[in-house]
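Next comes work-v2.pdb, a file with PDB, C-alpha atoms and all ligand atoms.
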MODEL        1
ATOM      1  CA  MET T   1      11.114 -14.658  17.580  1.00  0.00           C
ATOM      2  CA  ARG T   2      10.642 -15.834  14.048  1.00  0.00           C
ATOM      3  CA  HIS T   3       6.935 -16.427  14.733  1.00  0.00           C
ATOM      4  CA  ILE T   4       6.515 -12.955  16.161  1.00  0.00           C
ATOM      5  CA  ILE T   5       8.122 -11.393  13.099  1.00  0.00           C
ATOM      6  CA  THR T   6       6.001 -13.444  10.734  1.00  0.00           C
ATOM      7  CA  ALA T   7       2.830 -12.535  12.613  1.00  0.00           C
ATOM      8  CA  LEU T   8       3.797  -8.859  12.569  1.00  0.00           C
ATOM      9  CA  THR T   9       4.574  -9.074   8.874  1.00  0.00           C
ATOM     10  CA  ILE T  10       1.188 -10.572   8.113  1.00  0.00           C
ATOM     11  CA  THR T  11      -0.559  -8.006  10.293  1.00  0.00           C
ATOM     12  CA  LEU T  12       1.194  -5.065   8.680  1.00  0.00           C
ATOM     13  CA  ILE T  13       0.680  -6.165   5.122  1.00  0.00           C
ATOM     14  CA  SER T  14      -2.863  -7.454   5.313  1.00  0.00           C
ATOM     15  CA  GLY T  15      -5.636  -5.493   3.687  1.00  0.00           C
ATOM     16  CA  ALA T  16      -7.811  -6.042   6.747  1.00  0.00           C
ATOM     17  CA  VAL T  17      -5.527  -3.848   8.798  1.00  0.00           C
ATOM     18  CA  PHE T  18      -5.695  -1.074   6.236  1.00  0.00           C
ATOM     19  CA  ALA T  19      -9.475  -1.320   6.306  1.00  0.00           C
ATOM     20  CA  GLU T  20      -9.518  -1.075  10.090  1.00  0.00           C
ATOM     21  CA  GLN T  21      -7.245   1.942  10.060  1.00  0.00           C
ATOM     22  CA  ARG T  22      -9.546   3.618   7.587  1.00  0.00           C
ATOM     23  CA  ASN T  23     -12.548   3.009   9.797  1.00  0.00           C
ATOM     24  CA  ALA T  24     -10.626   4.500  12.692  1.00  0.00           C
ATOM     25  CA  GLY T  25     -10.357   7.709  10.677  1.00  0.00           C
ATOM     26  CA  SER T  26      -6.968   7.522   8.981  1.00  0.00           C
ATOM     27  CA  HIS T  27      -8.336   9.331   5.931  1.00  0.00           C
ATOM     28  CA  VAL T  28      -6.612  12.624   6.650  1.00  0.00           C
ATOM     29  CA  HIS T  29      -5.798  14.886   3.719  1.00  0.00           C
ATOM     30  CA  GLY T  30      -2.053  15.548   3.567  1.00  0.00           C
ATOM     31  CA  LEU T  31      -1.196  12.373   5.512  1.00  0.00           C
ATOM     32  CA  ASN T  32      -0.028   9.207   3.711  1.00  0.00           C
ATOM     33  CA  HIS T  33       0.916   5.807   5.076  1.00  0.00           C
ATOM     34  CA  ALA T  34       3.705   3.509   3.938  1.00  0.00           C
ATOM     35  CA  THR T  35       4.369  -0.027   5.096  1.00  0.00           C
ATOM     36  CA  ILE T  36       7.717  -1.687   4.383  1.00  0.00           C
ATOM     37  CA  VAL T  37       8.562  -5.310   5.050  1.00  0.00           C
ATOM     38  CA  LEU T  38      11.873  -6.944   4.167  1.00  0.00           C
ATOM     39  CA  GLU T  39      12.176 -10.682   4.596  1.00  0.00           C
ATOM     40  CA  GLY T  40      15.274 -12.244   3.059  1.00  0.00           C
ATOM     41  CA  ASN T  41      15.464 -10.917  -0.496  1.00  0.00           C
ATOM     42  CA  ARG T  42      11.814 -10.006  -0.704  1.00  0.00           C
ATOM     43  CA  LEU T  43      10.781  -6.421  -0.066  1.00  0.00           C
ATOM     44  CA  GLN T  44       7.129  -5.440   0.143  1.00  0.00           C
ATOM     45  CA  ILE T  45       6.062  -1.815   0.071  1.00  0.00           C
ATOM     46  CA  ALA T  46       2.497  -0.614   0.481  1.00  0.00           C
ATOM     47  CA  TYR T  47       1.670   3.062  -0.023  1.00  0.00           C
ATOM     48  CA  GLU T  48      -1.733   4.445   0.924  1.00  0.00           C
ATOM     49  CA  PHE T  49      -3.048   7.946   0.328  1.00  0.00           C
ATOM     50  CA  PRO T  50      -6.333   9.881   0.052  1.00  0.00           C
ATOM     51  CA  ALA T  51      -7.485   9.591  -3.570  1.00  0.00           C
ATOM     52  CA  GLU T  52      -7.929  13.401  -3.700  1.00  0.00           C
ATOM     53  CA  GLN T  53      -4.171  13.521  -4.267  1.00  0.00           C
ATOM     54  CA  LEU T  54      -4.765  12.080  -7.717  1.00  0.00           C
ATOM     55  CA  GLY T  55      -6.203  15.477  -8.514  1.00  0.00           C
ATOM     56  CA  GLU T  56      -9.260  17.322  -9.721  1.00  0.00           C
ATOM     57  CA  GLN T  57     -11.965  15.416  -7.974  1.00  0.00           C
ATOM     58  CA  GLY T  58     -13.002  18.127  -5.574  1.00  0.00           C
ATOM     59  CA  HIS T  59     -14.959  19.574  -8.449  1.00  0.00           C
ATOM     60  CA  GLU T  60     -16.187  16.287  -9.813  1.00  0.00           C
ATOM     61  CA  GLU T  61     -18.063  15.656  -6.605  1.00  0.00           C
ATOM     62  CA  HIS T  62     -20.432  18.461  -7.487  1.00  0.00           C
ATOM     63  CA  LYS T  63     -21.289  16.969 -10.850  1.00  0.00           C
ATOM     64  CA  HIS T  64     -24.137  14.532 -11.065  1.00  0.00           C
ATOM     65  CA  GLU T  65     -21.915  11.629 -11.901  1.00  0.00           C
ATOM     66  CA  GLU T  66     -22.639   8.048 -11.101  1.00  0.00           C
ATOM     67  CA  HIS T  67     -20.357   6.716  -8.396  1.00  0.00           C
ATOM     68  CA  GLY T  68     -19.175   4.008 -10.787  1.00  0.00           C
ATOM     69  CA  ASP T  69     -17.912   6.548 -13.319  1.00  0.00           C
ATOM     70  CA  LYS T  70     -16.003   8.478 -10.704  1.00  0.00           C
ATOM     71  CA  ALA T  71     -14.441   5.340  -9.264  1.00  0.00           C
ATOM     72  CA  HIS T  72     -13.498   4.215 -12.751  1.00  0.00           C
ATOM     73  CA  GLU T  73     -11.847   7.534 -13.501  1.00  0.00           C
ATOM     74  CA  LEU T  74      -9.954   7.458 -10.212  1.00  0.00           C
ATOM     75  CA  SER T  75      -8.688   3.944 -10.771  1.00  0.00           C
ATOM     76  CA  LYS T  76      -7.485   4.902 -14.248  1.00  0.00           C
ATOM     77  CA  LYS T  77      -5.543   7.792 -12.705  1.00  0.00           C
ATOM     78  CA  LEU T  78      -4.176   5.528  -9.993  1.00  0.00           C
ATOM     79  CA  GLU T  79      -2.989   2.967 -12.531  1.00  0.00           C
ATOM     80  CA  THR T  80      -0.922   5.600 -14.334  1.00  0.00           C
ATOM     81  CA  ILE T  81       1.376   5.292 -11.290  1.00  0.00           C
ATOM     82  CA  GLU T  82       2.972   2.184 -12.722  1.00  0.00           C
ATOM     83  CA  SER T  83       5.803   1.713 -10.257  1.00  0.00           C
ATOM     84  CA  ILE T  84       6.380   2.099  -6.513  1.00  0.00           C
ATOM     85  CA  PHE T  85       9.539   3.963  -7.559  1.00  0.00           C
ATOM     86  CA  SER T  86       7.218   6.905  -8.279  1.00  0.00           C
ATOM     87  CA  MET T  87       6.919   7.160  -4.481  1.00  0.00           C
ATOM     88  CA  VAL T  88      10.136   5.807  -3.006  1.00  0.00           C
ATOM     89  CA  ARG T  89      13.816   5.708  -3.974  1.00  0.00           C
ATOM     90  CA  LEU T  90      16.031   2.804  -2.930  1.00  0.00           C
ATOM     91  CA  PRO T  91      19.846   2.536  -3.089  1.00  0.00           C
ATOM     92  CA  ASP T  92      20.850   1.292  -6.561  1.00  0.00           C
ATOM     93  CA  ASN T  93      23.317  -1.185  -5.130  1.00  0.00           C
ATOM     94  CA  ALA T  94      20.533  -3.010  -3.259  1.00  0.00           C
ATOM     95  CA  GLN T  95      19.484  -4.162  -6.751  1.00  0.00           C
ATOM     96  CA  CYS T  96      15.752  -4.230  -6.052  1.00  0.00           C
ATOM     97  CA  LYS T  97      13.474  -5.063  -8.963  1.00  0.00           C
ATOM     98  CA  GLU T  98       9.720  -4.853  -8.896  1.00  0.00           C
ATOM     99  CA  THR T  99       8.065  -8.178  -9.571  1.00  0.00           C
ATOM    100  CA  GLU T 100       4.464  -7.204  -8.882  1.00  0.00           C
ATOM    101  CA  VAL T 101       2.439  -4.013  -8.434  1.00  0.00           C
ATOM    102  CA  THR T 102      -1.252  -3.844  -7.559  1.00  0.00           C
ATOM    103  CA  HIS T 103      -3.573  -0.857  -7.261  1.00  0.00           C
ATOM    104  CA  SER T 104      -6.786  -0.529  -5.312  1.00  0.00           C
ATOM    105  CA  LEU T 105      -9.309   2.060  -4.210  1.00  0.00           C
ATOM    106  CA  THR T 106     -11.473   1.836  -1.112  1.00  0.00           C
ATOM    107  CA  GLN T 107     -14.417   4.019  -0.290  1.00  0.00           C
ATOM    108  CA  VAL T 108     -14.079   5.787   3.073  1.00  0.00           C
ATOM    109  CA  GLY T 109     -16.759   4.837   5.653  1.00  0.00           C
ATOM    110  CA  GLY T 110     -20.208   6.178   4.763  1.00  0.00           C
ATOM    111  CA  SER T 111     -21.312   7.412   8.193  1.00  0.00           C
ATOM    112  CA  ASP T 112     -18.539  10.011   8.156  1.00  0.00           C
ATOM    113  CA  THR T 113     -20.274  12.921   6.449  1.00  0.00           C
ATOM    114  CA  GLU T 114     -17.110  14.987   6.253  1.00  0.00           C
ATOM    115  CA  HIS T 115     -15.529  12.362   4.030  1.00  0.00           C
ATOM    116  CA  ALA T 116     -18.594  10.906   2.351  1.00  0.00           C
ATOM    117  CA  GLY T 117     -17.705   9.957  -1.208  1.00  0.00           C
ATOM    118  CA  HIS T 118     -13.970  10.082  -0.503  1.00  0.00           C
ATOM    119  CA  SER T 119     -11.662   7.158  -1.257  1.00  0.00           C
ATOM    120  CA  ASP T 120      -8.260   5.902  -0.232  1.00  0.00           C
ATOM    121  CA  ALA T 121      -5.822   4.709  -2.893  1.00  0.00           C
ATOM    122  CA  LEU T 122      -3.413   1.875  -2.217  1.00  0.00           C
ATOM    123  CA  ILE T 123      -0.386   0.759  -4.219  1.00  0.00           C
ATOM    124  CA  GLN T 124       1.246  -2.498  -3.155  1.00  0.00           C
ATOM    125  CA  ALA T 125       4.539  -3.629  -4.634  1.00  0.00           C
ATOM    126  CA  THR T 126       6.659  -6.732  -4.247  1.00  0.00           C
ATOM    127  CA  LEU T 127      10.364  -6.434  -5.052  1.00  0.00           C
ATOM    128  CA  GLU T 128      13.228  -8.886  -5.177  1.00  0.00           C
ATOM    129  CA  CYS T 129      16.521  -7.404  -3.975  1.00  0.00           C
ATOM    130  CA  GLY T 130      19.842  -8.856  -5.172  1.00  0.00           C
ATOM    131  CA  ALA T 131      21.746  -7.289  -2.281  1.00  0.00           C
ATOM    132  CA  PRO T 132      19.245  -6.430   0.487  1.00  0.00           C
ATOM    133  CA  GLU T 133      22.142  -5.782   2.902  1.00  0.00           C
ATOM    134  CA  ASN T 134      22.687  -2.560   0.950  1.00  0.00           C
ATOM    135  CA  LEU T 135      19.244  -1.259   1.865  1.00  0.00           C
ATOM    136  CA  MET T 136      20.764   1.284   4.238  1.00  0.00           C
ATOM    137  CA  ASN T 137      18.227   4.004   3.549  1.00  0.00           C
ATOM    138  CA  LEU T 138      15.212   4.876   1.507  1.00  0.00           C
ATOM    139  CA  SER T 139      13.782   8.164   0.400  1.00  0.00           C
ATOM    140  CA  PHE T 140      10.198   9.248  -0.119  1.00  0.00           C
ATOM    141  CA  ALA T 141      11.328  12.434  -1.905  1.00  0.00           C
ATOM    142  CA  PRO T 142       9.613  11.231  -5.125  1.00  0.00           C
ATOM    143  CA  ALA T 143       6.231  11.173  -3.324  1.00  0.00           C
ATOM    144  CA  PHE T 144       6.772  14.664  -1.863  1.00  0.00           C
ATOM    145  CA  ASP T 145       7.783  15.893  -5.331  1.00  0.00           C
ATOM    146  CA  ARG T 146       4.737  14.321  -6.909  1.00  0.00           C
ATOM    147  CA  PHE T 147       2.012  15.428  -4.494  1.00  0.00           C
ATOM    148  CA  ASP T 148       1.832  19.154  -3.706  1.00  0.00           C
ATOM    149  CA  ASP T 149      -0.607  18.647  -0.848  1.00  0.00           C
ATOM    150  CA  LEU T 150       1.382  15.913   0.879  1.00  0.00           C
ATOM    151  CA  GLU T 151       2.519  16.984   4.362  1.00  0.00           C
ATOM    152  CA  LYS T 152       3.519  13.807   6.191  1.00  0.00           C
ATOM    153  CA  ILE T 153       4.129  10.126   5.587  1.00  0.00           C
ATOM    154  CA  GLU T 154       3.817   7.698   8.474  1.00  0.00           C
ATOM    155  CA  VAL T 155       6.140   4.787   7.766  1.00  0.00           C
ATOM    156  CA  GLU T 156       5.862   1.478   9.569  1.00  0.00           C
ATOM    157  CA  GLY T 157       7.512  -1.794   8.867  1.00  0.00           C
ATOM    158  CA  VAL T 158       9.802  -4.651   9.642  1.00  0.00           C
ATOM    159  CA  ILE T 159      13.298  -4.855   8.187  1.00  0.00           C
ATOM    160  CA  GLY T 160      14.702  -8.297   8.967  1.00  0.00           C
ATOM    161  CA  ASN T 161      14.097  -8.429  12.728  1.00  0.00           C
ATOM    162  CA  LYS T 162      13.924  -4.689  13.331  1.00  0.00           C
ATOM    163  CA  ALA T 163      10.632  -2.829  13.648  1.00  0.00           C
ATOM    164  CA  LEU T 164      10.348   0.529  11.960  1.00  0.00           C
ATOM    165  CA  SER T 165       8.113   3.486  12.811  1.00  0.00           C
ATOM    166  CA  GLU T 166       8.827   7.020  11.613  1.00  0.00           C
ATOM    167  CA  THR T 167       7.110  10.114  10.331  1.00  0.00           C
ATOM    168  CA  LEU T 168       8.624  11.811   7.285  1.00  0.00           C
ATOM    169  CA  THR T 169       8.144  15.320   5.925  1.00  0.00           C
ATOM    170  CA  ALA T 170       9.254  17.137   2.755  1.00  0.00           C
ATOM    171  CA  THR T 171      12.342  18.471   4.508  1.00  0.00           C
ATOM    172  CA  SER T 172      13.101  15.126   6.150  1.00  0.00           C
ATOM    173  CA  SER T 173      12.023  12.573   3.556  1.00  0.00           C
ATOM    174  CA  SER T 174      14.715   9.908   4.039  1.00  0.00           C
ATOM    175  CA  LEU T 175      14.803   6.981   6.370  1.00  0.00           C
ATOM    176  CA  ALA T 176      17.921   5.228   7.663  1.00  0.00           C
ATOM    177  CA  LEU T 177      17.394   1.473   7.960  1.00  0.00           C
TER
HETATM  178 ZN    ZN L 201     -10.885  12.846   1.385  1.00  0.00          ZN
ENDMDL
END
For the structure just supplied, provide its representation as structure tokens.
Amino acid sequence: MRHIITALTITLISGAVFAEQRNAGSHVHGLNHATIVLEGNRLQIAYEFPAEQLGEQGHEEHKHEEHGDKAHELSKKLETIESIFSMVRLPDNAQCKETEVTHSLTQVGGSDTEHAGHSDALIQATLECGAPENLMNLSFAPAFDRFDDLEKIEVEGVIGNKALSETLTATSSSLAL
């Protein structure tokens, strides 16, 4: 069982899987993806969304900007989201502290003309939780508050030995673990 969980954990968290999902057409405006893995005291949360949600680039695409400039501007905007707590709220008594946050942008597949020039943004956070047994629920209300055009979040993950798969909306933004 332990091996299965570890393999699932690696599969869920690996960048390769995100890349595959993108190629399969997961770049859907209004739809975000979150991956949550709790192993012992360590909680990993990945949050992926179409970079359009960072704002204003619909118009930029019509300017004659170099791709590099646009990507640079997007990554600056992405990095202003300093903490995963901008997206998700955890119970205080679980005592989770962020130890690492990384940001990345990936261009959506070029053959797809509808989304040519579009990117996906990814925030990955590692947290250490003092009392992970108190992780009874989590709320993505902060993400729904932040992004006006966000309709749904598909959440997948592994909490201890339990697999997780749910779709959240603005009116149902919490998840019982
Ligand atoms: Zn797009």
(message) I need the output of the PyMOL selection byres (((chain T and resi 92-101) around 10) and not hetatm) for this file as a PyMOL selection string; which residues are they?
(response) chain T and resi 41-46+79+81-85+89-91+102-103+123-136
Next, the residues of the selection above should be written as an mmCIF file, in the coordinates of the input with C-alpha atoms.
data_model
loop_
_atom_site.group_PDB
_atom_site.id
_atom_site.type_symbol
_atom_site.label_atom_id
_atom_site.label_comp_id
_atom_site.auth_asym_id
_atom_site.auth_seq_id
_atom_site.Cartn_x
_atom_site.Cartn_y
_atom_site.Cartn_z
ATOM 1 C CA ASN T 41 15.464 -10.917 -0.496
ATOM 2 C CA ARG T 42 11.814 -10.006 -0.704
ATOM 3 C CA LEU T 43 10.781 -6.421 -0.066
ATOM 4 C CA GLN T 44 7.129 -5.440 0.143
ATOM 5 C CA ILE T 45 6.062 -1.815 0.071
ATOM 6 C CA ALA T 46 2.497 -0.614 0.481
ATOM 7 C CA GLU T 79 -2.989 2.967 -12.531
ATOM 8 C CA ILE T 81 1.376 5.292 -11.290
ATOM 9 C CA GLU T 82 2.972 2.184 -12.722
ATOM 10 C CA SER T 83 5.803 1.713 -10.257
ATOM 11 C CA ILE T 84 6.380 2.099 -6.513
ATOM 12 C CA PHE T 85 9.539 3.963 -7.559
ATOM 13 C CA ARG T 89 13.816 5.708 -3.974
ATOM 14 C CA LEU T 90 16.031 2.804 -2.930
ATOM 15 C CA PRO T 91 19.846 2.536 -3.089
ATOM 16 C CA THR T 102 -1.252 -3.844 -7.559
ATOM 17 C CA HIS T 103 -3.573 -0.857 -7.261
ATOM 18 C CA ILE T 123 -0.386 0.759 -4.219
ATOM 19 C CA GLN T 124 1.246 -2.498 -3.155
ATOM 20 C CA ALA T 125 4.539 -3.629 -4.634
ATOM 21 C CA THR T 126 6.659 -6.732 -4.247
ATOM 22 C CA LEU T 127 10.364 -6.434 -5.052
ATOM 23 C CA GLU T 128 13.228 -8.886 -5.177
ATOM 24 C CA CYS T 129 16.521 -7.404 -3.975
ATOM 25 C CA GLY T 130 19.842 -8.856 -5.172
ATOM 26 C CA ALA T 131 21.746 -7.289 -2.281
ATOM 27 C CA PRO T 132 19.245 -6.430 0.487
ATOM 28 C CA GLU T 133 22.142 -5.782 2.902
ATOM 29 C CA ASN T 134 22.687 -2.560 0.950
ATOM 30 C CA LEU T 135 19.244 -1.259 1.865
ATOM 31 C CA MET T 136 20.764 1.284 4.238
#
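Using all atoms listed in the file, the nearest neighbour of Asp145 (chain T) within the list T:Thr35, T:Thr106, T:Ser119, T:Ser173 is T:Ser173.
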(message) Using only C-alpha atoms and all ligand atoms for the distances, tell me which of T:Leu105, T:Val37, T:Ala116, T:Leu74 is nearest to ligand ZN 201 (chain L).
(response)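 Once distances to ligand ZN 201 (chain L) are computed over only C-alpha atoms and all ligand atoms, the minimum belongs to T:Ala116.
Among all protein and nucleic acid residues, the ones that lie within 7 Å of ligand ZN 201 (chain L) when counting only C-alpha atoms and all ligand atoms are His27, Val28, His29, Pro50, Ala51, Glu52, His115, His118 and Ser119 of chain T.
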(request) Would you mind reading off the distance between CA of His72 (chain T) and CA of Gln53 (chain T), one decimal, in Å? (result) 15.7 Å
